[in-house]
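Colleague: Pasting in a structure now, in structure tokens, and then I'll have a few things to ask.
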Amino acid sequence: MPSSELTQAAGSTATVPAEYVALLLADARLPTGAHTQSAGLEPALRNGMRSAQVPDYLRARLATVTETEAAAAVVARHVWLAAEPTDRTTALDVVDRAWRVRTPAAAMRAAADLLGRGYLRTTAALWDLGLATGHPWCRAVVIGSVGAAAGLSAAAVARVLGYEDVQTVVAATLKLDPFDPVLATRWVAEAGAGVEAMVARVSGCTRADDLPAVGAPLMEQWAQAHETEERRLFRA
Amino acid sequence: MITRASTVSAAAGVVGRTGVVAGVTDGRPWLRLTSGPLRAQQVHARPGWGRVALIANTALLLGGDEVHLDLHVEAGARLEAFEVAGTVAYHGRGRACAWSVTATVEAGGELVLAGEPFVVADGADVVRTLRLDVAAGARVTVRETTVLGRTGELGGRLVSRTAIDHAGVPLLREDQHLVPGLRELPGLLGTHRVVDVLTVVGAAAPATPPGATAYPLLDDAGALIRWIGDDVASSPLHRLPVR
Amino acid sequence: MTTHDHQTPGAARTSLRLGVAGPVGVGKSSVIATLCAELGTRISVGVITNDIYTDEDARFLRSAGVLAPERIRAVETGACPHTAIRDDVTQNLLAVEDLEADFAPLDLVLVESGGDNLTATFSPALIDAQLFVLDVAGGGDVARKGGPGIGRADLLLVNKTDLAPYVGVDVERMVADAERARDGRPVLALSKHDRDSVQALVDWVLGRIAALRDGSLVPQDPGPMAPHVHADGAVHSHDHDHAREHDHDHGHQSVGR
């Protein structure tokens, strides 16, 4: 298709219902490059985790790294709404830094940066988000900002992060170790209660200093090792 | 057999602070020591350094105990502090205990803190805190070894919090919720019982020994090197001389 | 507006993004190594590889010593090599843009697809032009069977022609089959041991760079859809290129002959 027919200026999120934007952000078909990510699942399997343990792996993530990411998205949303438009970028830099300070594995930060760039590339082309920065932002900060612009609640932003993480893990499991997709979908559905509990824990966060920082030592170790792995299907 | 300092009621638990201030005046290092539940004892040191052995004054760590260690290294001073023995957090009989280390290292100062294994026995409920405030141009090396359970035990509850500021800004915030029911999950600790960590701030980290994982800190400020395994004797970090 | 407000295809960009697609084992990496060896010292070149399971292609190219290792980067595809070059090209685009930014000004970015079956071709959102590579060892009838890449890639390479006598393939016939399947689009029989064929490939690539810079190069999508005739008799190639219907030839004449 010629680009002339498709090129459109960035518009306003105001014309799109917030719930619709939430679905869009959580949809694997949104072009962000998310299909190259396994949320640590590939290195976990490589280090001996069994596919049957994926529901426990999801619990582990929701209690640790995903909680931190979701909280960062919630705070980014709050900051985007509270800051003067001219101060937004600086204020969001603080949130981005706070997330990095709580994410010791450079491989995890790099993966979230790639996704952040992917999300920003697509969403900033759709809508004028008023964001400008010279360096990548983690996915959480980008999703929080888009969520704020689109009118998503704090809980909705956290839920997008939680759901997206769960689906990334389960979809990657199906790719690497195929089994009945109905069972996989059951895992996703059953993780919903854990996602909602996580959403409840982080929805009230408003300050970067408040971000939880619960680590996942083996996940972090596996992520670091995966970076230098010569045979891998997923980036992280 | 557990003996307690007679002045302390077992019901109240041992609560106290141990302090070490290291300074340098006219090129001569000096130490100011305040003993609490841990006795800080000056020992022979390398030239230009202050060196302190940390010795438990009483049986530690029981339910209700709160042990604080405050280290302050003034500008240009050098302090090496080391534990002479491991610490066991015993069954708390329903009561939590706390162990906290706070270290402030001013510009040009250097701190080495070499911990011995911190063992969380069955029934213990421990909150352990490490706070490092490292000025630009200061150097810090800390070794922390955590063991979940004595021989034959699974170990109790440990919440471990680490907060490192460097050059006046947050550098690392990391909590480990190593509590039964959570820590066994895949990606947390699984079946492993030992977490050995070497943290280096303001200086280049040593080469990462095989089996350990290096986590470079933000701002090229150093590294956290971690080994996760089953017994302290197997840890390549524990054999690494820390100084 | 945003952080990474990089150039998009069609903007005033001077680096040609050239896709190299084709089935496993036809010598895509070898073609790229040849181009790097021929062009790497004359113009500024970078390479992105998309391996399915490994970064082996990137390592092969680095070890071939034809280009500085930091100019060769691997992109993982999450086991979806089609997706990474067609429908969600985001991670490849980010990698291409990073290369272009890190080594500005680049003249040529070669993007190697993860070796896949005959149907994978590049989105014009990712690349400006694409090669589709076959080899004689894959059998003489592959070209005749066609497919979007064979039929409509900007250039079809029939590689490893030096092996033809050993695998019982008539190169001339294979090329003739391909030319028929391609409706006149160029086909090049290539062997890295045949100087003239390598020179023809190099000239074609340089010609694409020149075309990009004078604005005459318009990225085309080879498919996956075969061109077809609508009930009203109009011929469509499913690239919805109605605005250019009379300027370009792709897809429109290849049915009903």
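In the structure tokens, chains take letters A, B, ... by order of appearance, with residues numbered from 1 within each chain and ligands from 1 in the order shown.
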Please identify which residues in region 25-239 of chain B DSSP calls helix (DSSP H, G or I) from the backbone, and express them as a PyMOL selection string.
Modeller: chain B and resi 218-220+232-234
Colleague: Could you write those residues out with all heavy atoms, as a PDB file, in the first residue's frame?
Modeller:
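Output below, filename again-v7.pdb:
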ATOM      1  N   LEU B 218      23.289   0.758  37.939  1.00  0.00           N
ATOM      2  CA  LEU B 218      23.044   1.922  37.085  1.00  0.00           C
ATOM      3  C   LEU B 218      24.220   2.887  37.197  1.00  0.00           C
ATOM      4  O   LEU B 218      24.998   2.842  38.152  1.00  0.00           O
ATOM      5  CB  LEU B 218      21.752   2.630  37.515  1.00  0.00           C
ATOM      6  CG  LEU B 218      20.458   1.808  37.429  1.00  0.00           C
ATOM      7  CD1 LEU B 218      19.287   2.638  37.939  1.00  0.00           C
ATOM      8  CD2 LEU B 218      20.198   1.344  36.005  1.00  0.00           C
ATOM      9  N   ASP B 219      24.311   3.787  36.238  1.00  0.00           N
ATOM     10  CA  ASP B 219      25.314   4.862  36.242  1.00  0.00           C
ATOM     11  C   ASP B 219      26.744   4.312  36.283  1.00  0.00           C
ATOM     12  O   ASP B 219      27.664   5.026  36.704  1.00  0.00           O
ATOM     13  CB  ASP B 219      25.117   5.806  37.446  1.00  0.00           C
ATOM     14  CG  ASP B 219      23.674   6.266  37.598  1.00  0.00           C
ATOM     15  OD1 ASP B 219      23.003   6.410  36.560  1.00  0.00           O
ATOM     16  OD2 ASP B 219      23.235   6.469  38.745  1.00  0.00           O
ATOM     17  N   ASP B 220      26.937   3.072  35.878  1.00  0.00           N
ATOM     18  CA  ASP B 220      28.272   2.443  35.975  1.00  0.00           C
ATOM     19  C   ASP B 220      28.845   2.576  37.379  1.00  0.00           C
ATOM     20  O   ASP B 220      30.047   2.778  37.561  1.00  0.00           O
ATOM     21  CB  ASP B 220      29.254   3.079  34.969  1.00  0.00           C
ATOM     22  CG  ASP B 220      28.865   2.766  33.535  1.00  0.00           C
ATOM     23  OD1 ASP B 220      28.396   1.633  33.299  1.00  0.00           O
ATOM     24  OD2 ASP B 220      29.022   3.638  32.673  1.00  0.00           O
ATOM     25  N   VAL B 232      26.636 -23.115  51.581  1.00  0.00           N
ATOM     26  CA  VAL B 232      27.590 -22.006  51.598  1.00  0.00           C
ATOM     27  C   VAL B 232      28.950 -22.453  51.080  1.00  0.00           C
ATOM     28  O   VAL B 232      29.638 -21.718  50.366  1.00  0.00           O
ATOM     29  CB  VAL B 232      27.706 -21.437  53.027  1.00  0.00           C
ATOM     30  CG1 VAL B 232      28.813 -20.397  53.093  1.00  0.00           C
ATOM     31  CG2 VAL B 232      26.381 -20.834  53.456  1.00  0.00           C
ATOM     32  N   ALA B 233      29.320 -23.681  51.413  1.00  0.00           N
ATOM     33  CA  ALA B 233      30.651 -24.151  51.030  1.00  0.00           C
ATOM     34  C   ALA B 233      30.835 -24.144  49.516  1.00  0.00           C
ATOM     35  O   ALA B 233      31.947 -24.013  49.015  1.00  0.00           O
ATOM     36  CB  ALA B 233      30.880 -25.558  51.589  1.00  0.00           C
ATOM     37  N   SER B 234      29.733 -24.267  48.769  1.00  0.00           N
ATOM     38  CA  SER B 234      29.839 -24.299  47.312  1.00  0.00           C
ATOM     39  C   SER B 234      29.884 -22.906  46.691  1.00  0.00           C
ATOM     40  O   SER B 234      30.088 -22.784  45.486  1.00  0.00           O
ATOM     41  CB  SER B 234      28.643 -25.049  46.718  1.00  0.00           C
ATOM     42  OG  SER B 234      28.526 -26.332  47.279  1.00  0.00           O
TER      43      SER B 234
END
Colleague: Can you work out which residues from chain A touch chain C at a cut-off of 10 Å (counting only C-alpha atoms) and hand them back as a PyMOL selection string?
Modeller: chain A and resi 1-5+10+29-38+42+114-115+117-125+127-137+172+175-176+229-236
Colleague: So that I can check the surroundings of Asp57 (chain C), please list as a list in words every protein, DNA and RNA residue that reaches within 9 Å of it, counting only C-alpha atoms and ignoring chain neighbours fewer than 4 positions away.
Modeller: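 Once the adjacent positions are removed, what remains is Ser29, Thr49, Asn50, Asp51, Leu61, Arg62, Ala74 and Glu112 of chain C.
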Colleague: Quote the spacing between CA of Arg42 (chain C) and CA of Asp107 (chain C) in Å to one decimal place.
Modeller: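 Going from CA of Arg42 (chain C) over to CA of Asp107 (chain C), I get 9.8 Å.
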Colleague: Can you build me a table of chain B residues sitting at most 9 Å from chain A, with the closest atom pair per residue and its distance in Å to one decimal, using only C-alpha atoms, sorted by chain and residue number, as JSON lines?
Modeller:
{"residue": "B:Arg161", "atom": "CA", "partner": "A:Val214", "partner_atom": "CA", "distance": 8.8}
{"residue": "B:Pro170", "atom": "CA", "partner": "A:Val101", "partner_atom": "CA", "distance": 6.8}
{"residue": "B:Leu171", "atom": "CA", "partner": "A:Val101", "partner_atom": "CA", "distance": 5.5}
{"residue": "B:Leu172", "atom": "CA", "partner": "A:Val101", "partner_atom": "CA", "distance": 4.6}
{"residue": "B:Arg173", "atom": "CA", "partner": "A:Arg102", "partner_atom": "CA", "distance": 5.0}
{"residue": "B:Glu174", "atom": "CA", "partner": "A:Ala213", "partner_atom": "CA", "distance": 5.1}
{"residue": "B:Asp175", "atom": "CA", "partner": "A:Val214", "partner_atom": "CA", "distance": 4.5}
{"residue": "B:Gln176", "atom": "CA", "partner": "A:Gly215", "partner_atom": "CA", "distance": 5.5}
{"residue": "B:His177", "atom": "CA", "partner": "A:Val214", "partner_atom": "CA", "distance": 6.7}
{"residue": "B:Leu182", "atom": "CA", "partner": "A:Ala60", "partner_atom": "CA", "distance": 7.3}
{"residue": "B:Arg183", "atom": "CA", "partner": "A:Ala60", "partner_atom": "CA", "distance": 8.3}
{"residue": "B:Leu185", "atom": "CA", "partner": "A:Ala60", "partner_atom": "CA", "distance": 5.9}
{"residue": "B:Pro186", "atom": "CA", "partner": "A:Tyr57", "partner_atom": "CA", "distance": 5.3}
{"residue": "B:Gly187", "atom": "CA", "partner": "A:Met219", "partner_atom": "CA", "distance": 4.4}
{"residue": "B:Leu188", "atom": "CA", "partner": "A:Ala216", "partner_atom": "CA", "distance": 4.7}
{"residue": "B:Leu189", "atom": "CA", "partner": "A:Leu218", "partner_atom": "CA", "distance": 6.0}
{"residue": "B:Gly190", "atom": "CA", "partner": "A:Leu218", "partner_atom": "CA", "distance": 8.0}
{"residue": "B:Val195", "atom": "CA", "partner": "A:Pro217", "partner_atom": "CA", "distance": 8.8}
{"residue": "B:Ala212", "atom": "CA", "partner": "A:Gln221", "partner_atom": "CA", "distance": 8.7}
{"residue": "B:Thr213", "atom": "CA", "partner": "A:Gln221", "partner_atom": "CA", "distance": 6.3}
{"residue": "B:Ala214", "atom": "CA", "partner": "A:Gln224", "partner_atom": "CA", "distance": 8.1}
{"residue": "B:Tyr215", "atom": "CA", "partner": "A:Ala105", "partner_atom": "CA", "distance": 5.8}
{"residue": "B:Pro216", "atom": "CA", "partner": "A:Ala106", "partner_atom": "CA", "distance": 7.2}
{"residue": "B:Leu217", "atom": "CA", "partner": "A:Pro104", "partner_atom": "CA", "distance": 7.0}
{"residue": "B:Leu218", "atom": "CA", "partner": "A:Val101", "partner_atom": "CA", "distance": 7.3}
{"residue": "B:Leu224", "atom": "CA", "partner": "A:Pro104", "partner_atom": "CA", "distance": 8.3}
{"residue": "B:Arg226", "atom": "CA", "partner": "A:Gln221", "partner_atom": "CA", "distance": 8.4}
{"residue": "B:Trp227", "atom": "CA", "partner": "A:Gln221", "partner_atom": "CA", "distance": 8.9}
{"residue": "B:Ile228", "atom": "CA", "partner": "A:Leu218", "partner_atom": "CA", "distance": 7.8}
Colleague: To one decimal place in Å, what is the distance between CA of Met108 (chain A) and CA of Thr68 (chain A)?
Modeller: 12.2 Å
Colleague: From a DSSP calculation on the backbone, collect every residue of region 10-255 of chain C in strand (DSSP E) and output the set as an NGL selection string.
Modeller: :C and (16-21 or 45-49 or 72-74 or 108-112 or 129-135 or 155-159 or 187-189 or 228-229 or 235-236)
Colleague: What's the 12 Å shell around Val140 (chain B), counting only C-alpha atoms, without same-chain residues fewer than 6 positions away, as JSON, numbers by chain?
Modeller: {"B": [71, 72, 73, 77, 78, 79, 80, 81, 103, 104, 105, 106, 107, 108, 109, 110, 111, 112, 113, 114, 131, 132, 133, 134, 164, 165, 166, 198, 199, 200, 201, 202, 203, 204, 205, 221, 222, 223, 224, 242, 243]}
Colleague: Write the residues of the selection above to a file with C-alpha atoms, as a PDB file, in the first residue's frame.
Modeller:
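Output file part_12.pdb is given in full below:
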ATOM      1  CA  LEU B  71      28.751   2.528  60.225  1.00  0.00           C
ATOM      2  CA  HIS B  72      30.033   5.955  59.309  1.00  0.00           C
ATOM      3  CA  VAL B  73      33.155   6.461  57.262  1.00  0.00           C
ATOM      4  CA  ALA B  77      38.871   7.343  55.825  1.00  0.00           C
ATOM      5  CA  ARG B  78      38.979   3.573  55.351  1.00  0.00           C
ATOM      6  CA  LEU B  79      37.145   1.013  57.422  1.00  0.00           C
ATOM      7  CA  GLU B  80      37.080  -2.754  57.261  1.00  0.00           C
ATOM      8  CA  ALA B  81      34.436  -4.370  59.452  1.00  0.00           C
ATOM      9  CA  ALA B 103      26.405   2.681  56.380  1.00  0.00           C
ATOM     10  CA  THR B 104      27.301   6.191  55.319  1.00  0.00           C
ATOM     11  CA  VAL B 105      30.512   6.640  53.395  1.00  0.00           C
ATOM     12  CA  GLU B 106      31.690  10.135  52.602  1.00  0.00           C
ATOM     13  CA  ALA B 107      33.701  11.272  49.591  1.00  0.00           C
ATOM     14  CA  GLY B 108      37.021   9.517  49.261  1.00  0.00           C
ATOM     15  CA  GLY B 109      36.086   7.089  52.011  1.00  0.00           C
ATOM     16  CA  GLU B 110      36.146   3.337  51.689  1.00  0.00           C
ATOM     17  CA  LEU B 111      34.182   0.666  53.507  1.00  0.00           C
ATOM     18  CA  VAL B 112      34.540  -3.091  53.429  1.00  0.00           C
ATOM     19  CA  LEU B 113      31.883  -5.024  55.319  1.00  0.00           C
ATOM     20  CA  ALA B 114      32.342  -8.766  55.299  1.00  0.00           C
ATOM     21  CA  ARG B 131      21.061   0.832  53.773  1.00  0.00           C
ATOM     22  CA  LEU B 132      24.096   2.261  52.035  1.00  0.00           C
ATOM     23  CA  ASP B 133      24.592   5.949  51.422  1.00  0.00           C
ATOM     24  CA  VAL B 134      27.688   6.228  49.273  1.00  0.00           C
ATOM     25  CA  ILE B 164      21.577   1.985  48.122  1.00  0.00           C
ATOM     26  CA  ASP B 165      21.985   5.672  47.356  1.00  0.00           C
ATOM     27  CA  HIS B 166      24.996   6.841  45.406  1.00  0.00           C
ATOM     28  CA  LEU B 198      28.742  -9.246  46.902  1.00  0.00           C
ATOM     29  CA  THR B 199      27.849  -5.590  46.370  1.00  0.00           C
ATOM     30  CA  VAL B 200      30.426  -3.145  45.086  1.00  0.00           C
ATOM     31  CA  VAL B 201      29.611   0.543  44.784  1.00  0.00           C
ATOM     32  CA  GLY B 202      31.932   3.243  43.499  1.00  0.00           C
ATOM     33  CA  ALA B 203      34.571   0.821  42.257  1.00  0.00           C
ATOM     34  CA  ALA B 204      35.049  -1.867  39.654  1.00  0.00           C
ATOM     35  CA  ALA B 205      33.655  -5.210  40.762  1.00  0.00           C
ATOM     36  CA  ALA B 221      28.397   2.744  39.755  1.00  0.00           C
ATOM     37  CA  GLY B 222      29.549  -0.811  40.429  1.00  0.00           C
ATOM     38  CA  ALA B 223      27.921  -4.195  40.497  1.00  0.00           C
ATOM     39  CA  LEU B 224      25.973  -6.684  42.485  1.00  0.00           C
ATOM     40  CA  VAL B 242      36.589  -9.432  50.594  1.00  0.00           C
ATOM     41  CA  ARG B 243      38.780  -6.464  51.324  1.00  0.00           C
TER      42      ARG B 243
END
Colleague: Need the shell around Val20 (chain C): protein/DNA/RNA residues with any atom at most 10 Å away, counting only C-alpha atoms. Skip same-chain ones fewer than 6 positions apart. Format as an MDAnalysis selection string?
Modeller: chainID C and resid 28:29 31:32 49 110:115 121:122 127 129:133 153 155:157
Colleague: Could you please determine the separation between CA of Ser15 (chain C) and CA of Leu106 (chain C) in Å, to one decimal place?
Modeller: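 Result for CA of Ser15 (chain C) versus CA of Leu106 (chain C): 5.3 Å, one decimal.
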Colleague: Set the distance at 9 Å and use only C-alpha atoms: which residues neighbour Trp99 (chain B) once local chain neighbours fewer than 2 positions away are removed? I'd like the list as a ChimeraX atom specification.
Modeller: /B:61,65-69,97,101,126-130
